Structure formats: C-alpha cells, structure tokens
file data.pdb (PDB, C-alpha atoms)
ATOM      1  CA  MET K 808      18.443  20.356 -17.787
ATOM      2  CA  LYS K 809      15.470  22.707 -17.922
ATOM      3  CA  THR K 810      13.116  19.750 -18.112
ATOM      4  CA  PHE K 811      14.715  18.160 -15.073
ATOM      5  CA  CYS K 812      14.533  21.426 -13.092
ATOM      6  CA  LYS K 813      10.867  21.799 -14.013
ATOM      7  CA  TYR K 814      10.193  18.206 -12.994
ATOM      8  CA  PHE K 815      12.039  18.582  -9.699
ATOM      9  CA  ALA K 816      10.265  21.879  -8.922
ATOM     10  CA  SER K 817       6.871  20.284  -9.526
ATOM     11  CA  LYS K 818       7.749  17.456  -7.152
ATOM     12  CA  MET K 819       8.853  19.922  -4.473
ATOM     13  CA  LEU K 820       5.576  21.801  -4.888
ATOM     14  CA  ARG K 821       3.616  18.580  -4.436
ATOM     15  CA  LEU K 822       5.685  17.743  -1.368
ATOM     16  CA  SER K 823       4.938  21.149   0.153
ATOM     17  CA  ILE K 824       1.215  20.764  -0.490
ATOM     18  CA  ILE K 825       1.126  17.267   0.982
ATOM     19  CA  VAL K 826       3.022  18.357   4.110
ATOM     20  CA  ALA K 827       0.712  21.350   4.557
ATOM     21  CA  VAL K 828      -2.444  19.237   4.229
ATOM     22  CA  VAL K 829      -1.104  16.532   6.552
ATOM     23  CA  SER K 830      -0.089  19.186   9.099
ATOM     24  CA  VAL K 831      -3.578  20.699   9.190
ATOM     25  CA  LEU K 832      -5.341  17.337   9.416
ATOM     26  CA  SER K 833      -2.945  16.059  12.083
ATOM     27  CA  PHE K 834      -3.387  19.152  14.234
ATOM     28  CA  VAL K 835      -7.177  18.938  13.959
ATOM     29  CA  LEU K 836      -7.213  15.235  14.865
ATOM     30  CA  VAL K 837      -4.858  15.712  17.803
ATOM     31  CA  SER K 838      -6.918  18.675  19.051
ATOM     32  CA  PHE K 839     -10.035  16.491  19.227
ATOM     33  CA  ALA K 840      -8.212  13.437  20.563
ATOM     34  CA  PRO K 841      -8.586  12.548  24.258
ATOM     35  CA  LEU K 842      -5.019  13.616  25.036
ATOM     36  CA  ASP K 843      -4.164  15.677  28.101
ATOM     37  CA  PRO K 844      -0.696  17.221  27.762
ATOM     38  CA  ILE K 845      -0.857  18.576  31.322
ATOM     39  CA  THR K 846      -1.342  15.125  32.823
ATOM     40  CA  ALA K 847       1.394  13.794  30.551
ATOM     41  CA  TYR K 848       3.731  16.529  31.735
ATOM     42  CA  LEU K 849       2.944  16.344  35.458
ATOM     43  CA  GLY K 850       1.847  12.742  35.912
ATOM     44  CA  TYR K 851       0.800  12.011  39.477
ATOM     45  CA  ASP K 852       2.211  15.368  40.605
ATOM     46  CA  ARG K 853      -0.846  17.089  39.162
ATOM     47  CA  LEU K 854      -2.747  16.320  42.352
ATOM     48  CA  GLN K 855      -0.086  18.087  44.426
ATOM     49  CA  ILE K 856       0.035  21.473  42.688
ATOM     50  CA  SER K 857      -2.205  24.482  43.155
ATOM     51  CA  GLN K 858      -4.626  25.820  40.578
ATOM     52  CA  GLU K 859      -2.376  28.844  40.060
ATOM     53  CA  GLN K 860       0.583  26.615  39.217
ATOM     54  CA  GLU K 861      -1.550  24.542  36.871
ATOM     55  CA  ALA K 862      -2.753  27.731  35.149
ATOM     56  CA  GLN K 863       0.854  28.817  34.652
ATOM     57  CA  ILE K 864       1.701  25.495  33.018
ATOM     58  CA  ILE K 865      -1.379  25.716  30.793
ATOM     59  CA  SER K 866      -0.343  29.218  29.732
ATOM     60  CA  ARG K 867       3.216  28.065  29.086
ATOM     61  CA  TRP K 868       2.043  25.341  26.708
ATOM     62  CA  GLY K 869      -0.443  27.733  25.065
ATOM     63  CA  LEU K 870      -3.429  25.555  25.967
ATOM     64  CA  ASP K 871      -5.403  28.582  27.109
ATOM     65  CA  LYS K 872      -5.707  29.726  23.487
ATOM     66  CA  SER K 873      -8.300  28.680  20.936
ATOM     67  CA  PRO K 874      -7.416  25.867  18.473
ATOM     68  CA  PRO K 875      -6.994  28.272  15.512
ATOM     69  CA  GLU K 876      -4.629  30.432  17.560
ATOM     70  CA  ARG K 877      -2.652  27.400  18.668
ATOM     71  CA  PHE K 878      -2.413  26.143  15.089
ATOM     72  CA  LEU K 879      -1.188  29.484  13.729
ATOM     73  CA  SER K 880       1.388  29.705  16.506
ATOM     74  CA  TRP K 881       2.507  26.117  15.940
ATOM     75  CA  ALA K 882       2.652  26.517  12.147
ATOM     76  CA  GLY K 883       4.660  29.712  12.493
ATOM     77  CA  ASN K 884       7.169  27.960  14.728
ATOM     78  CA  ILE K 885       7.361  25.041  12.260
ATOM     79  CA  LEU K 886       8.262  27.418   9.426
ATOM     80  CA  ARG K 887      11.109  28.726  11.595
ATOM     81  CA  GLY K 888      12.298  25.178  12.247
ATOM     82  CA  ASP K 889      10.979  25.039  15.814
ATOM     83  CA  PHE K 890       8.877  21.895  16.336
ATOM     84  CA  GLY K 891       8.469  22.542  20.035
ATOM     85  CA  LYS K 892       9.654  20.571  23.037
ATOM     86  CA  SER K 893       8.836  16.972  23.785
ATOM     87  CA  VAL K 894       6.928  16.537  27.023
ATOM     88  CA  ILE K 895       8.091  13.039  27.929
ATOM     89  CA  PHE K 896      11.719  13.410  26.789
ATOM     90  CA  ASN K 897      12.105  17.053  27.916
ATOM     91  CA  GLU K 898      14.096  17.789  24.753
ATOM     92  CA  PRO K 899      13.390  19.657  21.512
ATOM     93  CA  VAL K 900      11.288  17.532  19.181
ATOM     94  CA  VAL K 901      13.898  17.846  16.426
ATOM     95  CA  ASP K 902      16.575  16.387  18.713
ATOM     96  CA  VAL K 903      14.342  13.495  19.780
ATOM     97  CA  ILE K 904      13.469  12.642  16.168
ATOM     98  CA  GLY K 905      17.097  12.925  15.092
ATOM     99  CA  LYS K 906      18.401  10.613  17.820
ATOM    100  CA  ARG K 907      15.662   8.035  17.460
ATOM    101  CA  PHE K 908      15.682   8.044  13.666
ATOM    102  CA  VAL K 909      19.363   7.082  13.600
ATOM    103  CA  ALA K 910      18.452   3.828  15.364
ATOM    104  CA  SER K 911      15.372   3.282  13.196
ATOM    105  CA  PHE K 912      17.259   4.099  10.008
ATOM    106  CA  TRP K 913      19.561   1.082  10.248
ATOM    107  CA  LEU K 914      16.639  -1.161  11.121
ATOM    108  CA  MET K 915      14.604   0.032   8.135
ATOM    109  CA  PHE K 916      17.607   0.146   5.789
ATOM    110  CA  PHE K 917      18.665  -3.472   6.320
ATOM    111  CA  ALA K 918      15.050  -4.669   6.217
ATOM    112  CA  TRP K 919      14.400  -2.638   3.050
ATOM    113  CA  LEU K 920      17.567  -3.992   1.409
ATOM    114  CA  PHE K 921      17.046  -7.646   2.309
ATOM    115  CA  SER K 922      13.324  -7.681   1.511
ATOM    116  CA  GLY K 923      13.940  -5.988  -1.830
ATOM    117  CA  LEU K 924      16.739  -8.301  -2.946
ATOM    118  CA  LEU K 925      15.163 -11.538  -1.737
ATOM    119  CA  GLY K 926      11.700 -10.540  -2.908
ATOM    120  CA  PHE K 927      12.997  -9.667  -6.369
ATOM    121  CA  ILE K 928      14.900 -12.953  -6.687
ATOM    122  CA  LEU K 929      11.979 -15.072  -5.450
ATOM    123  CA  GLY K 930       9.532 -13.247  -7.703
ATOM    124  CA  ALA K 931      11.784 -13.672 -10.735
ATOM    125  CA  VAL K 932      12.181 -17.405 -10.056
ATOM    126  CA  ALA K 933       8.450 -17.898  -9.520
ATOM    127  CA  GLY K 934       7.556 -16.000 -12.692
ATOM    128  CA  THR K 935      10.163 -17.793 -14.794
ATOM    129  CA  PHE K 936       9.015 -21.265 -13.768
ATOM    130  CA  ARG K 937       5.308 -20.583 -13.559
ATOM    131  CA  ASN K 938       3.145 -23.317 -11.966
ATOM    132  CA  SER K 939       6.228 -25.323 -10.952
ATOM    133  CA  LEU K 940       6.814 -26.602  -7.425
ATOM    134  CA  ALA K 941       9.090 -23.626  -6.708
ATOM    135  CA  ASP K 942       6.396 -21.224  -7.909
ATOM    136  CA  ARG K 943       3.736 -22.826  -5.716
ATOM    137  CA  VAL K 944       5.982 -22.767  -2.650
ATOM    138  CA  ILE K 945       6.968 -19.136  -3.204
ATOM    139  CA  ARG K 946       3.362 -18.078  -3.791
ATOM    140  CA  PHE K 947       2.190 -19.880  -0.660
ATOM    141  CA  TYR K 948       4.883 -18.147   1.368
ATOM    142  CA  ALA K 949       4.114 -14.721  -0.123
ATOM    143  CA  TYR K 950       0.334 -14.952   0.310
ATOM    144  CA  THR K 951       0.734 -16.216   3.870
ATOM    145  CA  LEU K 952       3.140 -13.477   4.913
ATOM    146  CA  ALA K 953       1.137 -10.778   3.096
ATOM    147  CA  SER K 954      -1.830 -11.505   5.382
ATOM    148  CA  THR K 955       0.191 -11.921   8.574
ATOM    149  CA  PRO K 956       0.395  -8.997  11.039
ATOM    150  CA  THR K 957       3.898  -7.687  11.658
ATOM    151  CA  PHE K 958       3.555  -7.788  15.430
ATOM    152  CA  TRP K 959       2.519 -11.470  15.313
ATOM    153  CA  VAL K 960       5.604 -12.417  13.283
ATOM    154  CA  ALA K 961       7.749 -10.396  15.688
ATOM    155  CA  MET K 962       6.287 -12.161  18.720
ATOM    156  CA  ILE K 963       6.784 -15.619  17.175
ATOM    157  CA  LEU K 964      10.419 -14.878  16.350
ATOM    158  CA  LEU K 965      10.960 -13.388  19.811
ATOM    159  CA  VAL K 966       9.509 -16.381  21.639
ATOM    160  CA  PHE K 967      11.272 -18.991  19.503
ATOM    161  CA  PHE K 968      14.719 -17.525  18.811
ATOM    162  CA  ALA K 969      15.205 -15.298  21.855
ATOM    163  CA  VAL K 970      13.266 -16.922  24.701
ATOM    164  CA  LYS K 971      13.283 -20.630  23.824
ATOM    165  CA  LEU K 972      16.575 -21.031  21.950
ATOM    166  CA  GLY K 973      18.374 -18.018  23.435
ATOM    167  CA  TRP K 974      20.188 -17.291  20.196
ATOM    168  CA  PHE K 975      19.338 -13.594  20.140
ATOM    169  CA  PRO K 976      18.700 -10.908  22.780
ATOM    170  CA  VAL K 977      15.155 -10.309  23.951
ATOM    171  CA  CYS K 978      15.184  -6.536  23.644
ATOM    172  CA  CYS K 979      16.979  -3.231  23.239
ATOM    173  CA  ALA K 980      19.642  -1.936  20.845
ATOM    174  CA  GLY K 981      22.591  -3.045  22.971
ATOM    175  CA  PRO K 982      23.532  -4.983  26.094
ATOM    176  CA  LEU K 983      21.713  -3.877  29.237
ATOM    177  CA  GLY K 984      23.759  -1.586  31.459
ATOM    178  CA  VAL K 985      26.043  -0.436  28.635
ATOM    179  CA  ALA K 986      25.922   3.198  27.539
ATOM    180  CA  PRO K 987      24.787   3.670  23.898
ATOM    181  CA  GLU K 988      28.113   5.213  22.901
ATOM    182  CA  ASP K 989      29.980   2.183  24.292
ATOM    183  CA  VAL K 990      27.997  -0.429  22.348
ATOM    184  CA  SER K 991      30.147  -2.099  19.710
ATOM    185  CA  PHE K 992      29.149  -2.413  16.067
ATOM    186  CA  ALA K 993      28.881  -6.199  16.408
ATOM    187  CA  ASP K 994      26.512  -5.860  19.369
ATOM    188  CA  ARG K 995      24.365  -3.404  17.425
ATOM    189  CA  LEU K 996      24.041  -5.858  14.541
ATOM    190  CA  TYR K 997      23.347  -8.681  17.005
ATOM    191  CA  HIS K 998      20.434  -6.763  18.542
ATOM    192  CA  LEU K 999      19.173  -5.726  15.103
ATOM    193  CA  ALA K1000      18.939  -9.307  13.819
ATOM    194  CA  LEU K1001      15.419 -10.231  14.945
ATOM    195  CA  PRO K1002      13.753  -6.860  14.186
ATOM    196  CA  VAL K1003      15.344  -6.834  10.722
ATOM    197  CA  LEU K1004      14.310 -10.446  10.121
ATOM    198  CA  THR K1005      10.738  -9.578  11.114
ATOM    199  CA  LEU K1006      10.404  -6.672   8.697
ATOM    200  CA  SER K1007      12.213  -8.560   5.928
ATOM    201  CA  LEU K1008       9.967 -11.630   6.141
ATOM    202  CA  VAL K1009       6.840  -9.489   5.929
ATOM    203  CA  GLY K1010       8.205  -7.072   3.340
ATOM    204  CA  ILE K1011       9.252  -9.791   0.901
ATOM    205  CA  ALA K1012       5.658 -10.724   0.072
ATOM    206  CA  GLN K1013       4.606  -7.647  -1.888
ATOM    207  CA  ILE K1014       7.724  -7.324  -4.032
ATOM    208  CA  THR K1015       7.709 -11.088  -4.706
ATOM    209  CA  LEU K1016       4.145 -11.203  -6.007
ATOM    210  CA  HIS K1017       4.579  -8.028  -8.060
ATOM    211  CA  THR K1018       7.847  -9.216  -9.647
ATOM    212  CA  ARG K1019       6.313 -12.616 -10.418
ATOM    213  CA  GLU K1020       3.471 -11.014 -12.373
ATOM    214  CA  LYS K1021       5.865  -8.789 -14.304
ATOM    215  CA  MET K1022       8.044 -11.768 -15.227
ATOM    216  CA  ILE K1023       4.986 -13.709 -16.405
ATOM    217  CA  ASP K1024       3.995 -10.729 -18.566
ATOM    218  CA  PHE K1025       7.488 -10.665 -20.028
ATOM    219  CA  PHE K1026       7.376 -14.335 -21.047
ATOM    220  CA  GLN K1027       4.085 -13.654 -22.818
ATOM    221  CA  SER K1028       5.712 -10.920 -24.922
ATOM    222  CA  ASN K1029       7.023 -11.324 -28.481
ATOM    223  CA  HIS K1030      10.549 -10.591 -27.245
ATOM    224  CA  ALA K1031      10.584 -13.639 -24.953
ATOM    225  CA  THR K1032       8.853 -15.816 -27.549
ATOM    226  CA  TYR K1033      11.530 -14.984 -30.118
ATOM    227  CA  ALA K1034      14.353 -15.680 -27.639
ATOM    228  CA  LEU K1035      12.871 -19.075 -26.749
ATOM    229  CA  ALA K1036      12.356 -19.890 -30.432
ATOM    230  CA  CYS K1037      16.059 -19.206 -31.020
ATOM    231  CA  GLY K1038      16.941 -21.963 -28.575
ATOM    232  CA  GLU K1039      17.492 -20.032 -25.363
ATOM    233  CA  THR K1040      16.375 -21.633 -22.130
ATOM    234  CA  ARG K1041      13.828 -19.985 -19.841
ATOM    235  CA  SER K1042      16.580 -19.312 -17.300
ATOM    236  CA  SER K1043      18.882 -17.554 -19.751
ATOM    237  CA  THR K1044      15.970 -15.627 -21.261
ATOM    238  CA  ALA K1045      14.946 -14.419 -17.815
ATOM    239  CA  ILE K1046      18.493 -13.459 -16.808
ATOM    240  CA  PHE K1047      19.650 -11.744 -20.002
ATOM    241  CA  HIS K1048      16.364 -10.256 -21.188
ATOM    242  CA  GLY K1049      13.696 -10.432 -18.485
ATOM    243  CA  LEU K1050      15.462  -8.891 -15.499
ATOM    244  CA  ARG K1051      16.061  -5.559 -17.222
ATOM    245  CA  ASN K1052      12.335  -5.348 -18.008
ATOM    246  CA  ILE K1053      11.112  -6.067 -14.494
ATOM    247  CA  LEU K1054      13.810  -4.140 -12.595
ATOM    248  CA  LEU K1055      12.253  -0.698 -13.048
ATOM    249  CA  PRO K1056       8.795  -1.606 -11.653
ATOM    250  CA  ALA K1057      10.456  -3.452  -8.765
ATOM    251  CA  ILE K1058      12.563  -0.415  -7.795
ATOM    252  CA  THR K1059       9.520   1.834  -7.997
ATOM    253  CA  LEU K1060       7.486  -0.478  -5.784
ATOM    254  CA  GLN K1061      10.324  -0.870  -3.292
ATOM    255  CA  PHE K1062      10.705   2.867  -2.780
ATOM    256  CA  ALA K1063       6.938   3.305  -2.672
ATOM    257  CA  SER K1064       6.792   0.776   0.185
ATOM    258  CA  LEU K1065       8.667   3.072   2.592
ATOM    259  CA  GLY K1066       5.381   4.036   4.237
ATOM    260  CA  GLU K1067       4.526   0.410   5.004
ATOM    261  CA  LEU K1068       8.100  -0.167   6.151
ATOM    262  CA  PHE K1069       7.874   2.762   8.568
ATOM    263  CA  SER K1070       4.565   1.573  10.009
ATOM    264  CA  GLY K1071       5.926  -1.964  10.321
ATOM    265  CA  SER K1072       8.997  -0.714  12.155
ATOM    266  CA  VAL K1073       6.725   0.894  14.748
ATOM    267  CA  LEU K1074       5.232  -2.489  15.648
ATOM    268  CA  ALA K1075       8.562  -4.304  15.526
ATOM    269  CA  GLU K1076      10.238  -1.733  17.763
ATOM    270  CA  VAL K1077       7.471  -2.023  20.347
ATOM    271  CA  VAL K1078       7.677  -5.839  20.469
ATOM    272  CA  PHE K1079      11.478  -5.874  20.739
ATOM    273  CA  SER K1080      11.665  -2.702  22.916
ATOM    274  CA  TYR K1081      13.992  -1.234  20.320
ATOM    275  CA  PRO K1082      14.669   2.453  21.094
ATOM    276  CA  GLY K1083      13.851   3.861  17.679
ATOM    277  CA  LEU K1084      11.492   6.463  16.335
ATOM    278  CA  GLY K1085       8.607   4.001  16.148
ATOM    279  CA  LYS K1086       8.701   3.218  19.862
ATOM    280  CA  ALA K1087       9.020   6.936  20.641
ATOM    281  CA  THR K1088       5.884   7.531  18.572
ATOM    282  CA  VAL K1089       3.921   4.934  20.528
ATOM    283  CA  ASP K1090       5.157   6.370  23.832
ATOM    284  CA  ALA K1091       4.151   9.858  22.685
ATOM    285  CA  GLY K1092       0.655   8.647  21.812
ATOM    286  CA  ILE K1093       0.155   6.806  25.091
ATOM    287  CA  ARG K1094       1.456   9.630  27.248
ATOM    288  CA  GLY K1095      -0.069  12.502  25.295
ATOM    289  CA  ASP K1096       3.103  14.111  23.955
ATOM    290  CA  VAL K1097       1.376  16.256  21.330
ATOM    291  CA  PRO K1098       4.462  18.176  20.043
ATOM    292  CA  LEU K1099       6.357  14.947  19.435
ATOM    293  CA  LEU K1100       3.364  13.296  17.774
ATOM    294  CA  LEU K1101       2.915  16.156  15.336
ATOM    295  CA  GLY K1102       6.645  16.291  14.640
ATOM    296  CA  VAL K1103       6.782  12.586  13.846
ATOM    297  CA  VAL K1104       3.759  12.856  11.541
ATOM    298  CA  ILE K1105       5.401  15.620   9.511
ATOM    299  CA  PHE K1106       8.750  13.818   9.445
ATOM    300  CA  SER K1107       7.228  10.499   8.351
ATOM    301  CA  THR K1108       5.251  12.268   5.618
ATOM    302  CA  ILE K1109       8.407  13.851   4.227
ATOM    303  CA  PHE K1110      10.223  10.512   4.540
ATOM    304  CA  VAL K1111       7.622   8.644   2.474
ATOM    305  CA  VAL K1112       7.203  11.348  -0.178
ATOM    306  CA  VAL K1113      10.970  11.675  -0.617
ATOM    307  CA  GLY K1114      11.137   7.910  -1.130
ATOM    308  CA  ASN K1115       8.603   8.177  -3.949
ATOM    309  CA  LEU K1116      10.565  11.101  -5.418
ATOM    310  CA  ILE K1117      13.776   9.054  -5.434
ATOM    311  CA  ALA K1118      11.951   6.240  -7.231
ATOM    312  CA  ASP K1119      10.787   8.680  -9.915
ATOM    313  CA  LEU K1120      14.273  10.099 -10.367
ATOM    314  CA  LEU K1121      15.745   6.620 -10.712
ATOM    315  CA  TYR K1122      13.557   6.014 -13.751
ATOM    316  CA  THR K1123      16.048   7.646 -16.092
ATOM    317  CA  LEU K1124      19.006   5.843 -14.519
ATOM    318  CA  VAL K1125      17.546   2.364 -14.873
ATOM    319  CA  ASP K1126      15.826   2.818 -18.239
ATOM    320  CA  PRO K1127      17.083   5.641 -20.522
ATOM    321  CA  ARG K1128      13.904   5.368 -22.585
ATOM    322  CA  VAL K1129      11.910   6.888 -19.761
ATOM    323  CA  ARG K1130      11.845  10.687 -19.866
ATOM    324  CA  THR K1131      11.007  13.080 -17.117
ATOM    325  CA  GLU K1132       8.349  14.637 -19.344
ATOM    326  CA  GLU K1133       6.402  11.362 -19.117
ATOM    327  CA  ALA K1134       6.759  11.274 -15.321
ATOM    328  CA  ILE K1135       5.315  14.767 -14.815
TER     329      ILE K1135
END
call {"tool": "encode", "arguments": {"input": "data.pdb", "output": "structure tokens"}}
result
Amino acid sequence: MKTFCKYFASKMLRLSIIVAVVSVLSFVLVSFAPLDPITAYLGYDRLQISQEQEAQIISRWGLDKSPPERFLSWAGNILRGDFGKSVIFNEPVVDVIGKRFVASFWLMFFAWLFSGLLGFILGAVAGTFRNSLADRVIRFYAYTLASTPTFWVAMILLVFFAVKLGWFPVCCAGPLGVAPEDVSFADRLYHLALPVLTLSLVGIAQITLHTREKMIDFFQSNHATYALACGETRSSTAIFHGLRNILLPAITLQFASLGELFSGSVLAEVVFSYPGLGKATVDAGIRGDVPLLLGVVIFSTIFVVVGNLIADLLYTLVDPRVRTEEAI
C-alpha cells in the first residue's frame, strides 16, 4: 500500500509539473500570436464604438497590463478554478469545455474502443501468420492508413457515404432544427457513425503494427517453440499463450495514444461540423478566444497525462509480475 501511494504521489507530482510547464509555454505563445481578443469580442462593432469605450473593454479584459502581470493574474485565477470567460460563447470557459467535452467524449470513446479491439485482433492475426496473404493485406492497410491524414479520410467518407449514397447525415450531432435535449439516443449514434469510423480507421494502424511485432517476437521465444514442438497449432499457441504476452504492451500503447486521438477528433469534428471540444478549439483559434484556447490546452494536457497514468496503473491488473517499483 505504501509503495502504491508513493507511486501515485510521484505521478501526481509529474502531472503538476507538466501542467505548469505547458501553462507557461501556452501563455507565452498566445501572447506573441497575432490574436486580437478585442476584435474577436466586438467583431464589426469595433468601428462603431468610441476610444473611451474601447479602453474600458481593454481594461476589463486586463489587456492594458504587461504580459507578466497578465500571466500572474491568470495563473492565480486558474488555481482558484476560474479559467475566465469565453469570448465567442459568452460563458465561463469551464462550462464551455464541460458541455463540448461530453459530445467529444462519446466520439473519442467509441473510436478508441473500436480501433483498439480491431487493431489488436488484426495485429495478432498478422503476427501469427507472418508473411501470409492475410499478413500482407493487413500490413498494406496499416501502412496506408498510418500515412493518411485524418481530414482526408473524413472527407472521403463524407462525400461517399453521406453525399453520394445518402446513408448517413452530412453534419452535426443531431437532426437540424431539433434541440440537443430532444435528440434521441439512436439519432446521436446515427450522427456519430461517420466521425467514429474516421477515427477508428486511422487509429487501427498503430496498434495493428505494434501488436504484429510483439506477436512475431513471441513466436521467436522458447515458450512458443516448446508449445509448437508439443504439437500445438500456431492458432492455439497464439490464443492460449501469445495473447497474454502481447496484451500488456497493447493496452499501454492504446492509452498512450489518447493525445493522437484528441488531435484527430479536432479534424474530424471540423469536417463533419460536429459540435464537440475539437471544433470549439478551432473556432477559438480562428476568432481569437484566448481564455478558451488556454483552457483547452490545460484540459487536453491533463486528459493525455491521465490516460498514461491509467495505463501505468493497469500494469499490475493485467500482469501481476509487474510491480509499481519497476514503473517508478
């Protein structure tokens, strides 16, 4: 128990350091970026207000202070749980992230689940029957998708399945003209189909290739050689002996891929006009919503690091031989 507490405390310390470093770098980059929060807030109305009114708005947003003063004020508010107010949504940043992340969560969850399961199965099959026709087909698919941009896959699926065939909706998270709270569960899944398919097709590649290599390494081990010498087939050897050896690395890689999944969801949400956190991030960048941008950066950092932490903690559940002392 003491070892686990020490391990968990060290991970929390690393998380705090990473968030602090990312916060400083993000604030510096945004401060030097060509973003104008005043224009984002006023839009075309900026030409119709007096200089006194503009000065009041600048003072309200704290833009009349030096960058170090603005950072200290912003960091102090962050420590109190106040991420500021979104300019384009006119809501607290925490509320915007919370609402949008709910939509993005289901998109990323289903894509993460499907890509992990299918990628693991395909990689295991390819590694078990190395250099067979199935292995060559799976490798060709994985290498092709690994080098294919997410937005390109999304556009192809959109044009073919939504525009040409009309099997799926073109955009949004529900039927047009229907309030979000009135959208049925079936309609939500229907509108999630293409975005989830996009992220799953792209996400399968990495886990497939990694699992294939691990399965090949297993069949080169003495354990697999002995099982085959005893008369077991390659299929039974892979199922009863190989899967338990390659499961742990696959789980680790899958949780470590949350960062790529998050970045891929941004592109998919833009193509399909899906109202998730990724699309809100793009809108914030285009329209200069600095508080929302910084809030999303911090949230995404915590999201990715927590995913890696979960992968580390699952070590002991999947393989009892792994000890937390080795993971520290």
call {"tool": "residues_around", "arguments": {"input": "data.pdb", "residues": "Arg946 of chain K", "least_positions_apart": "4", "cutoff": "12 Å", "atoms": "all atoms listed in the file", "output": "VMD selection string"}}
result
chain K and resid 926 929 to 934 936 to 942 950 to 953 1011 to 1020
call {"tool": "resolve_selection", "arguments": {"input": "data.pdb", "expression": "the PyMOL selection byres ((chain K and resi 913) around 12)", "output": "PyMOL selection string"}}
result
chain K and resi 907-912+914-920+980+992+995-996+998-1000+1002-1003+1069+1072+1081-1084
call {"tool": "residues_around", "arguments": {"input": "data.pdb", "residues": "segment 831-835 of chain K", "least_positions_apart": "6", "cutoff": "8 Å", "atoms": "all atoms listed in the file", "output": "VMD selection string"}}
result
chain K and resid 878 1101 1104
call {"tool": "atom_distance", "arguments": {"input": "data.pdb", "atom1": "atom CA of Ala882 of chain K", "atom2": "atom CA of Val837 of chain K"}}
result
14.3 Å
call {"tool": "atom_distance", "arguments": {"input": "data.pdb", "atom1": "atom CA of Trp959 of chain K", "atom2": "atom CA of Val1089 of chain K"}}
result
17.3 Å
call {"tool": "residues_around", "arguments": {"input": "data.pdb", "residues": "Pro1098 of chain K", "least_positions_apart": "6", "cutoff": "9 Å", "atoms": "only C-alpha atoms", "output": "list in words"}}
result
Phe890, Gly891, Lys892, Ser893, Val894, Val900 and Ala1091 of chain K
call {"tool": "atom_distance", "arguments": {"input": "data.pdb", "atom1": "atom CA of Met819 of chain K", "atom2": "atom CA of Arg887 of chain K"}}
result
18.5 Å
call {"tool": "resolve_selection", "arguments": {"input": "data.pdb", "expression": "the PyMOL selection byres ((chain K and resi 1051-1067) around 8)", "output": "count of residues only"}}
result
28
call {"tool": "resolve_selection", "arguments": {"input": "data.pdb", "expression": "the PyMOL selection byres ((chain K and resi 976) around 12)", "output": "ChimeraX atom specification"}}
result
/K:964-975,977-983,994-1002,1079-1081
call {"tool": "axis_aligned_box", "arguments": {"input": "data.pdb", "around": "segment 1057-1063 of chain K", "padding_each_side": "3 Å", "output": "lines of an AutoDock Vina configuration file"}}
result
center_x = 9.8
center_y = -0.1
center_z = -5.7
size_x = 11.6
size_y = 12.8
size_z = 12.1
call {"tool": "closest_residue", "arguments": {"input": "data.pdb", "among": "K:Pro899, K:Thr1088, K:Ala1045, K:Val1078", "to": "Ile928 of chain K", "atoms": "all atoms listed in the file"}}
result
K:Ala1045
call {"tool": "closest_residue", "arguments": {"input": "data.pdb", "among": "K:Ile1023, K:Ala1075, K:Val990, K:Leu820", "to": "Val960 of chain K", "atoms": "only C-alpha atoms"}}
result
K:Ala1075
call {"tool": "residues_around", "arguments": {"input": "data.pdb", "residues": "Val1073 of chain K", "least_positions_apart": "3", "cutoff": "6 Å", "atoms": "all atoms listed in the file", "output": "PyMOL selection string"}}
result
chain K and resi 1070+1076+1085-1086
call {"tool": "decode", "arguments": {"input": "data.pdb", "residues": "segment 938-950 of chain K", "atoms": "N, CA and C atoms", "output": "PDB file, in the first residue's frame"}}
result
ATOM      1  N   ASN K 938       3.947 -13.265 -43.043  1.00  0.00           N
ATOM      2  CA  ASN K 938       4.239 -13.383 -44.476  1.00  0.00           C
ATOM      3  C   ASN K 938       3.145 -14.114 -45.254  1.00  0.00           C
ATOM      4  N   SER K 939       2.005 -14.372 -44.634  1.00  0.00           N
ATOM      5  CA  SER K 939       0.886 -14.974 -45.360  1.00  0.00           C
ATOM      6  C   SER K 939       0.132 -13.881 -46.112  1.00  0.00           C
ATOM      7  N   LEU K 940      -0.866 -14.293 -46.888  1.00  0.00           N
ATOM      8  CA  LEU K 940      -1.676 -13.315 -47.619  1.00  0.00           C
ATOM      9  C   LEU K 940      -2.384 -12.376 -46.650  1.00  0.00           C
ATOM     10  N   ALA K 941      -2.917 -12.922 -45.550  1.00  0.00           N
ATOM     11  CA  ALA K 941      -3.595 -12.082 -44.561  1.00  0.00           C
ATOM     12  C   ALA K 941      -2.641 -11.055 -43.954  1.00  0.00           C
ATOM     13  N   ASP K 942      -1.412 -11.483 -43.681  1.00  0.00           N
ATOM     14  CA  ASP K 942      -0.414 -10.569 -43.124  1.00  0.00           C
ATOM     15  C   ASP K 942      -0.095  -9.458 -44.104  1.00  0.00           C
ATOM     16  N   ARG K 943       0.073  -9.780 -45.364  1.00  0.00           N
ATOM     17  CA  ARG K 943       0.405  -8.760 -46.365  1.00  0.00           C
ATOM     18  C   ARG K 943      -0.733  -7.766 -46.536  1.00  0.00           C
ATOM     19  N   VAL K 944      -1.969  -8.273 -46.548  1.00  0.00           N
ATOM     20  CA  VAL K 944      -3.122  -7.378 -46.689  1.00  0.00           C
ATOM     21  C   VAL K 944      -3.242  -6.451 -45.480  1.00  0.00           C
ATOM     22  N   ILE K 945      -3.088  -7.005 -44.297  1.00  0.00           N
ATOM     23  CA  ILE K 945      -3.199  -6.202 -43.072  1.00  0.00           C
ATOM     24  C   ILE K 945      -2.087  -5.166 -43.006  1.00  0.00           C
ATOM     25  N   ARG K 946      -0.866  -5.560 -43.370  1.00  0.00           N
ATOM     26  CA  ARG K 946       0.241  -4.604 -43.350  1.00  0.00           C
ATOM     27  C   ARG K 946       0.027  -3.486 -44.358  1.00  0.00           C
ATOM     28  N   PHE K 947      -0.446  -3.834 -45.545  1.00  0.00           N
ATOM     29  CA  PHE K 947      -0.710  -2.813 -46.561  1.00  0.00           C
ATOM     30  C   PHE K 947      -1.750  -1.810 -46.066  1.00  0.00           C
ATOM     31  N   TYR K 948      -2.790  -2.335 -45.454  1.00  0.00           N
ATOM     32  CA  TYR K 948      -3.839  -1.462 -44.904  1.00  0.00           C
ATOM     33  C   TYR K 948      -3.270  -0.558 -43.808  1.00  0.00           C
ATOM     34  N   ALA K 949      -2.496  -1.145 -42.887  1.00  0.00           N
ATOM     35  CA  ALA K 949      -1.974  -0.380 -41.757  1.00  0.00           C
ATOM     36  C   ALA K 949      -1.000   0.698 -42.214  1.00  0.00           C
ATOM     37  N   TYR K 950      -0.074   0.345 -43.109  1.00  0.00           N
ATOM     38  CA  TYR K 950       0.900   1.335 -43.583  1.00  0.00           C
ATOM     39  C   TYR K 950       0.213   2.447 -44.374  1.00  0.00           C
TER      40      TYR K 950
END
